[in-house]
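Source file upload.tsv; content: TSV, C-alpha atoms.
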chain	number	residue	atom	x	y	z
A	1	MET	CA	-0.12	-12.68	67.67
A	2	SER	CA	1.59	-9.29	67.38
A	3	LYS	CA	5.28	-8.87	68.02
A	4	PRO	CA	6.14	-7.32	71.39
A	5	SER	CA	7.39	-3.76	71.26
A	6	PRO	CA	11.17	-3.45	71.57
A	7	THR	CA	12.52	-2.41	74.92
A	8	PRO	CA	14.37	0.91	75.28
A	9	ARG	CA	17.65	-1.00	75.36
A	10	GLU	CA	16.76	-2.86	72.17
A	11	ARG	CA	15.86	0.42	70.45
A	12	ILE	CA	19.25	1.85	71.35
A	13	VAL	CA	21.08	-1.19	69.98
A	14	ALA	CA	19.03	-1.11	66.77
A	15	GLY	CA	19.64	2.62	66.47
A	16	ALA	CA	23.38	2.11	66.87
A	17	ALA	CA	23.37	-0.55	64.15
A	18	ASP	CA	21.50	1.81	61.82
A	19	MET	CA	23.85	4.70	62.53
A	20	ILE	CA	26.95	2.57	61.98
A	21	SER	CA	25.52	1.35	58.69
A	22	ARG	CA	25.20	4.97	57.55
A	23	ARG	CA	28.06	6.84	59.23
A	24	GLY	CA	30.59	4.15	60.05
A	25	LEU	CA	32.17	3.16	63.33
A	26	ASN	CA	34.19	6.21	64.28
A	27	ALA	CA	31.44	8.72	63.42
A	28	THR	CA	28.93	6.99	65.71
A	29	SER	CA	28.82	8.27	69.28
A	30	ILE	CA	26.85	7.37	72.39
A	31	ARG	CA	25.25	10.84	72.44
A	32	GLU	CA	24.14	10.74	68.80
A	33	THR	CA	22.89	7.18	69.18
A	34	ALA	CA	20.76	8.14	72.18
A	35	LYS	CA	19.33	11.05	70.23
A	36	PHE	CA	18.66	8.87	67.20
A	37	ALA	CA	16.91	6.24	69.34
A	38	ARG	CA	15.01	8.93	71.27
A	39	ALA	CA	16.43	7.64	74.52
A	40	PRO	CA	17.73	9.67	77.49
A	41	LEU	CA	21.51	9.92	77.46
A	42	GLY	CA	21.67	8.86	81.09
A	43	SER	CA	19.69	5.70	80.34
A	44	THR	CA	22.00	4.90	77.45
A	45	TYR	CA	25.04	4.99	79.72
A	46	HIS	CA	23.09	2.95	82.29
A	47	TYR	CA	22.42	0.20	79.74
A	48	PHE	CA	25.97	0.31	78.37
A	49	PRO	CA	28.29	1.13	81.28
A	50	GLU	CA	31.34	0.12	79.23
A	51	GLY	CA	30.60	2.86	76.75
A	52	LYS	CA	30.71	2.96	72.99
A	53	GLN	CA	32.68	-0.25	72.56
A	54	GLN	CA	30.00	-2.27	74.34
A	55	LEU	CA	27.22	-0.62	72.35
A	56	VAL	CA	28.97	-1.16	69.02
A	57	THR	CA	29.69	-4.80	69.85
A	58	GLU	CA	26.05	-5.43	70.68
A	59	ALA	CA	24.95	-3.61	67.51
A	60	VAL	CA	27.12	-5.92	65.43
A	61	ARG	CA	25.74	-9.00	67.18
A	62	TYR	CA	22.21	-7.67	66.76
A	63	THR	CA	22.71	-7.30	63.00
A	64	GLY	CA	24.28	-10.72	62.80
A	65	ALA	CA	21.43	-12.33	64.72
A	66	TRP	CA	18.49	-10.98	62.72
A	67	THR	CA	20.28	-11.62	59.44
A	68	ALA	CA	21.06	-15.18	60.52
A	69	ARG	CA	17.43	-15.75	61.53
A	70	SER	CA	16.26	-14.72	58.08
A	71	LEU	CA	18.96	-16.78	56.39
A	72	ARG	CA	18.27	-19.86	58.53
A	73	LYS	CA	14.54	-19.66	57.85
A	74	ASN	CA	14.97	-19.36	54.08
A	75	LEU	CA	17.66	-22.03	53.93
A	76	GLU	CA	15.05	-24.52	55.08
A	77	ALA	CA	13.95	-24.46	51.42
A	78	GLY	CA	17.54	-25.00	50.27
A	79	PRO	CA	20.60	-22.90	49.39
A	80	VAL	CA	18.86	-21.24	46.44
A	81	ALA	CA	16.16	-19.77	48.64
A	82	GLY	CA	18.72	-18.77	51.25
A	83	LEU	CA	20.91	-16.96	48.76
A	84	LEU	CA	17.97	-15.16	47.18
A	85	ALA	CA	16.82	-14.02	50.62
A	86	PHE	CA	20.33	-12.84	51.52
A	87	LEU	CA	20.54	-10.81	48.31
A	88	ALA	CA	17.04	-9.41	48.67
A	89	LEU	CA	17.63	-8.39	52.28
A	90	TRP	CA	20.65	-6.22	51.54
A	91	ARG	CA	19.22	-4.84	48.32
A	92	LYS	CA	16.15	-3.65	50.23
A	93	ILE	CA	18.31	-1.97	52.88
A	94	VAL	CA	20.31	-0.12	50.24
A	95	VAL	CA	17.26	0.98	48.25
A	96	ASP	CA	15.03	1.87	51.21
A	97	SER	CA	17.77	4.08	52.68
A	98	ASP	CA	18.34	5.82	49.33
A	99	PHE	CA	21.87	4.36	49.25
A	100	ARG	CA	22.77	5.83	52.64
A	101	ALA	CA	22.94	2.57	54.59
A	102	GLY	CA	25.11	-0.47	54.13
A	103	CYS	CA	26.13	-3.30	56.41
A	104	PRO	CA	27.19	-2.27	59.94
A	105	VAL	CA	29.17	-5.48	60.34
A	106	LEU	CA	31.31	-4.58	57.35
A	107	ALA	CA	31.63	-1.00	58.56
A	108	VAL	CA	33.08	-2.18	61.87
A	109	ALA	CA	35.35	-4.68	60.13
A	110	VAL	CA	37.02	-2.11	57.85
A	111	GLU	CA	37.49	0.77	60.29
A	112	GLU	CA	40.34	0.92	62.77
A	113	PRO	CA	39.06	1.65	66.28
A	114	PRO	CA	40.80	4.16	68.54
A	115	SER	CA	43.92	2.74	70.15
A	116	ASP	CA	42.37	2.82	73.62
A	117	GLU	CA	39.48	0.57	72.62
A	118	THR	CA	39.47	-3.20	72.64
A	119	SER	CA	38.90	-5.44	69.66
A	120	ALA	CA	35.59	-6.77	71.01
A	121	ALA	CA	33.57	-5.24	68.17
A	122	LEU	CA	35.98	-6.55	65.55
A	123	ASP	CA	35.85	-10.00	67.12
A	124	ALA	CA	32.04	-9.83	67.02
A	125	ALA	CA	32.17	-8.93	63.31
A	126	ALA	CA	34.37	-11.94	62.58
A	127	GLU	CA	31.95	-14.19	64.47
A	128	VAL	CA	28.98	-12.82	62.50
A	129	PHE	CA	30.64	-13.42	59.14
A	130	ALA	CA	31.60	-16.92	60.26
A	131	GLU	CA	28.02	-17.70	61.28
A	132	TRP	CA	26.62	-16.59	57.90
A	133	GLU	CA	29.24	-18.66	56.10
A	134	HIS	CA	28.51	-21.65	58.32
A	135	LEU	CA	24.77	-21.51	57.59
A	136	LEU	CA	25.33	-21.31	53.83
A	137	ALA	CA	27.98	-24.03	53.83
A	138	ASP	CA	25.78	-26.40	55.83
A	139	SER	CA	22.94	-25.93	53.36
A	140	LEU	CA	25.23	-26.54	50.40
A	141	ARG	CA	26.61	-29.72	51.97
A	142	GLU	CA	23.07	-30.98	52.55
A	143	GLN	CA	22.52	-30.63	48.79
A	144	GLY	CA	25.54	-32.80	48.06
A	145	THR	CA	28.31	-30.22	47.62
A	146	ALA	CA	31.70	-31.42	48.87
A	147	PRO	CA	32.56	-29.97	52.31
A	148	GLU	CA	35.59	-27.93	51.23
A	149	GLN	CA	33.83	-26.60	48.14
A	150	ALA	CA	30.78	-25.72	50.24
A	151	ARG	CA	32.96	-23.77	52.66
A	152	GLN	CA	34.67	-21.87	49.87
A	153	LEU	CA	31.40	-21.11	48.07
A	154	ALA	CA	29.86	-19.81	51.29
A	155	THR	CA	32.79	-17.44	51.74
A	156	LEU	CA	32.48	-16.32	48.12
A	157	ILE	CA	28.77	-15.57	48.54
A	158	VAL	CA	29.20	-13.54	51.73
A	159	ALA	CA	32.20	-11.64	50.36
A	160	ALA	CA	30.48	-10.91	47.05
A	161	VAL	CA	27.30	-9.60	48.66
A	162	GLU	CA	29.08	-7.52	51.30
A	163	GLY	CA	31.46	-5.99	48.76
A	164	THR	CA	28.77	-5.10	46.28
A	165	VAL	CA	26.63	-3.48	49.00
A	166	ALA	CA	29.51	-1.05	49.54
A	167	MET	CA	29.82	-0.48	45.78
A	168	CYS	CA	26.09	0.26	45.52
A	169	ARG	CA	26.43	3.02	48.10
A	170	ALA	CA	29.41	4.55	46.31
A	171	LYS	CA	27.78	4.41	42.86
A	172	LEU	CA	24.26	5.27	44.07
A	173	SER	CA	23.07	2.34	42.03
A	174	THR	CA	21.96	-1.24	42.58
A	175	GLN	CA	23.82	-2.35	39.46
A	176	PRO	CA	26.82	-3.87	41.33
A	177	LEU	CA	24.51	-5.96	43.50
A	178	ASP	CA	22.26	-6.89	40.59
A	179	ASP	CA	25.23	-7.85	38.41
A	180	THR	CA	26.65	-10.01	41.18
A	181	ALA	CA	23.27	-11.61	41.74
A	182	GLU	CA	22.98	-12.40	38.05
A	183	GLN	CA	26.40	-14.02	37.91
A	184	LEU	CA	25.71	-16.05	41.03
A	185	ALA	CA	22.37	-17.02	39.58
A	186	ASP	CA	23.12	-17.75	35.95
A	187	SER	CA	24.48	-21.28	35.63
A	188	ARG	CA	22.67	-22.18	32.42
A	189	PRO	CA	24.86	-23.70	29.70
A	190	ARG	CA	25.42	-21.57	26.60
A	191	ARG	CA	26.46	-22.90	23.24
A	192	ASP	CA	29.26	-20.43	22.76
A	193	ARG	CA	31.00	-20.77	26.10
A	194	GLY	CA	29.40	-23.46	28.23
A	195	PRO	CA	28.15	-22.82	31.78
A	196	THR	CA	28.23	-19.22	32.98
A	197	GLY	CA	28.25	-17.71	36.44
A	198	LEU	CA	28.44	-19.89	39.50
A	199	ALA	CA	27.44	-23.50	38.80
A	200	LEU	CA	27.27	-25.29	42.12
A	201	MET	CA	27.83	-28.95	41.32
A	202	ALA	CA	27.31	-31.98	43.48
A	203	PRO	CA	30.18	-34.49	43.54
A	204	ASP	CA	28.50	-36.70	40.92
A	205	HIS	CA	28.15	-33.69	38.57
A	206	ASP	CA	24.49	-34.55	38.00
A	207	LYS	CA	22.95	-32.29	40.62
A	208	ARG	CA	23.28	-28.66	39.65
A	209	ILE	CA	22.03	-26.01	42.02
A	210	ARG	CA	20.79	-23.07	39.99
A	211	LEU	CA	20.85	-19.73	41.75
A	212	HIS	CA	18.16	-17.77	39.96
A	213	ARG	CA	18.36	-14.06	39.30
A	214	SER	CA	17.50	-11.83	42.23
A	215	GLN	CA	14.26	-9.92	41.89
A	216	ARG	CA	14.76	-6.40	40.69
Taking this structure as input, can you express it in the form of structure tokens?
Amino acid sequence: MSKPSPTPRERIVAGAADMISRRGLNATSIRETAKFARAPLGSTYHYFPEGKQQLVTEAVRYTGAWTARSLRKNLEAGPVAGLLAFLALWRKIVVDSDFRAGCPVLAVAVEEPPSDETSAALDAAAEVFAEWEHLLADSLREQGTAPEQARQLATLIVAAVEGTVAMCRAKLSTQPLDDTAEQLADSRPRRDRGPTGLALMAPDHDKRIRLHRSQR
């Protein structure tokens, strides 16, 4: 069964998310978004009567939702699969856009909105990050990781991936993301220095979750 075509409103929201990922929050306008989504400007204002702030907030939630769906699906096979999918998703976005696009959620989080705008978009960004962390932490706990450690590791994973996506754009290289993936993945013991990278241990120290290197 084929996926239904997106509605005009959905195309505008997706277009806004794409533009924010490339240009940032303050450089994204209603007019440019309508043009990018090939939608009439009047229709854009009809769908988003509260203006840019409403559109940006929905774009952030849209990004959070489809990322969470992918993460949730892959976490069914455990935290290793979920992490690999999370890394692969953002690596593909960076590469496919020729290093022009990053994460629109991060873009909204780091830019200060005009003083006359509300914090709705920033609040949405915080909720998205929290949901990703929650999904990862739940999966880690199901594998036996202590609750507090699972929470902290989930935050580390999200922060590491989001930060290195920004570094990839600046350096025009996937090396920051690949290096981070390797360190998160490589928990094999070495004779000269013991375990390397992120070794996720269960409380009994017998169950080690190995996060394998992301595909290059």
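For the residues A:Gly82, A:Gln143, A:Ser119, A:Arg100, ranking by smallest atom-to-atom distance to A:Gln54 using all atoms listed in the file places A:Ser119 first.
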| query | Interatomic distance between atom CA of A:Asn26 and atom CA of A:Pro176? | reply |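 Pair atom CA of A:Asn26 / atom CA of A:Pro176 returns 26.1 Å.
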| query | What gap, in Å, lies between atom CA of A:Leu136 and atom CA of A:Gln53? | reply | 29.1 Å
| task | For stretch 89-96 of chain A, please output as a PyMOL selection string all residues within 12 Å (counting all atoms listed in the file; exclusion window: fewer than 5 positions along the same chain). | result | chain A and resi 18+21-22+63+66-71+74+82-84+101-104+158+160-181+214-216
| message | Could you tell me how far atom CA of A:Phe36 sits from atom CA of A:Ala85, in Å to one decimal place? | response |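 A separation of 28.3 Å between them.
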| field | Which of A:Ala65, A:Leu55, A:Ala159, A:Ile12 sits closest to A:Ala34 [using only C-alpha atoms] | value |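 Result for the nearest residue to A:Ala34: A:Ile12.
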| Selected residue, from A:Leu140, A:Ala124, A:Ala27, A:Ala39, that lies nearest to A:Glu76 when counting all atoms listed in the file |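 The answer is A:Leu140, which sits nearest to A:Glu76.
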| said: Calculated over all atoms listed in the file, which of the candidates A:Leu184, A:Leu106, A:Ile30, A:Leu156 has the smallest distance to A:Gly15? | reply: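 Ranking A:Leu184, A:Leu106, A:Ile30, A:Leu156 by distance to A:Gly15, first place goes to A:Ile30.
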| Which residue gives the smallest distance to A:Thr155 among A:Tyr62, A:Pro6, A:Leu122, A:Glu133, with all atoms listed in the file counted? | A:Glu133
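The shortest atom-to-atom distance to A:Ala130, with all atoms listed in the file taken into account, belongs to A:Ala154 out of A:Ala154, A:Ala146, A:Ala14, A:Val80.
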Show me as an mmCIF file with C-alpha atoms, in the frame of the given file the residues that reach within 12 Å of (23.0, -0.1, 80.4), counting all atoms listed in the file and using the file's own coordinates.
data_model
loop_
_atom_site.group_PDB
_atom_site.id
_atom_site.type_symbol
_atom_site.label_atom_id
_atom_site.label_comp_id
_atom_site.auth_asym_id
_atom_site.auth_seq_id
_atom_site.Cartn_x
_atom_site.Cartn_y
_atom_site.Cartn_z
ATOM 1 C CA PRO A 8 14.370 0.910 75.280
ATOM 2 C CA ARG A 9 17.650 -1.000 75.360
ATOM 3 C CA GLU A 10 16.760 -2.860 72.170
ATOM 4 C CA ILE A 12 19.250 1.850 71.350
ATOM 5 C CA VAL A 13 21.080 -1.190 69.980
ATOM 6 C CA ILE A 30 26.850 7.370 72.390
ATOM 7 C CA ALA A 34 20.760 8.140 72.180
ATOM 8 C CA ALA A 39 16.430 7.640 74.520
ATOM 9 C CA PRO A 40 17.730 9.670 77.490
ATOM 10 C CA LEU A 41 21.510 9.920 77.460
ATOM 11 C CA GLY A 42 21.670 8.860 81.090
ATOM 12 C CA SER A 43 19.690 5.700 80.340
ATOM 13 C CA THR A 44 22.000 4.900 77.450
ATOM 14 C CA TYR A 45 25.040 4.990 79.720
ATOM 15 C CA HIS A 46 23.090 2.950 82.290
ATOM 16 C CA TYR A 47 22.420 0.200 79.740
ATOM 17 C CA PHE A 48 25.970 0.310 78.370
ATOM 18 C CA PRO A 49 28.290 1.130 81.280
ATOM 19 C CA GLU A 50 31.340 0.120 79.230
ATOM 20 C CA GLY A 51 30.600 2.860 76.750
ATOM 21 C CA LYS A 52 30.710 2.960 72.990
ATOM 22 C CA GLN A 54 30.000 -2.270 74.340
ATOM 23 C CA LEU A 55 27.220 -0.620 72.350
ATOM 24 C CA GLU A 58 26.050 -5.430 70.680
#
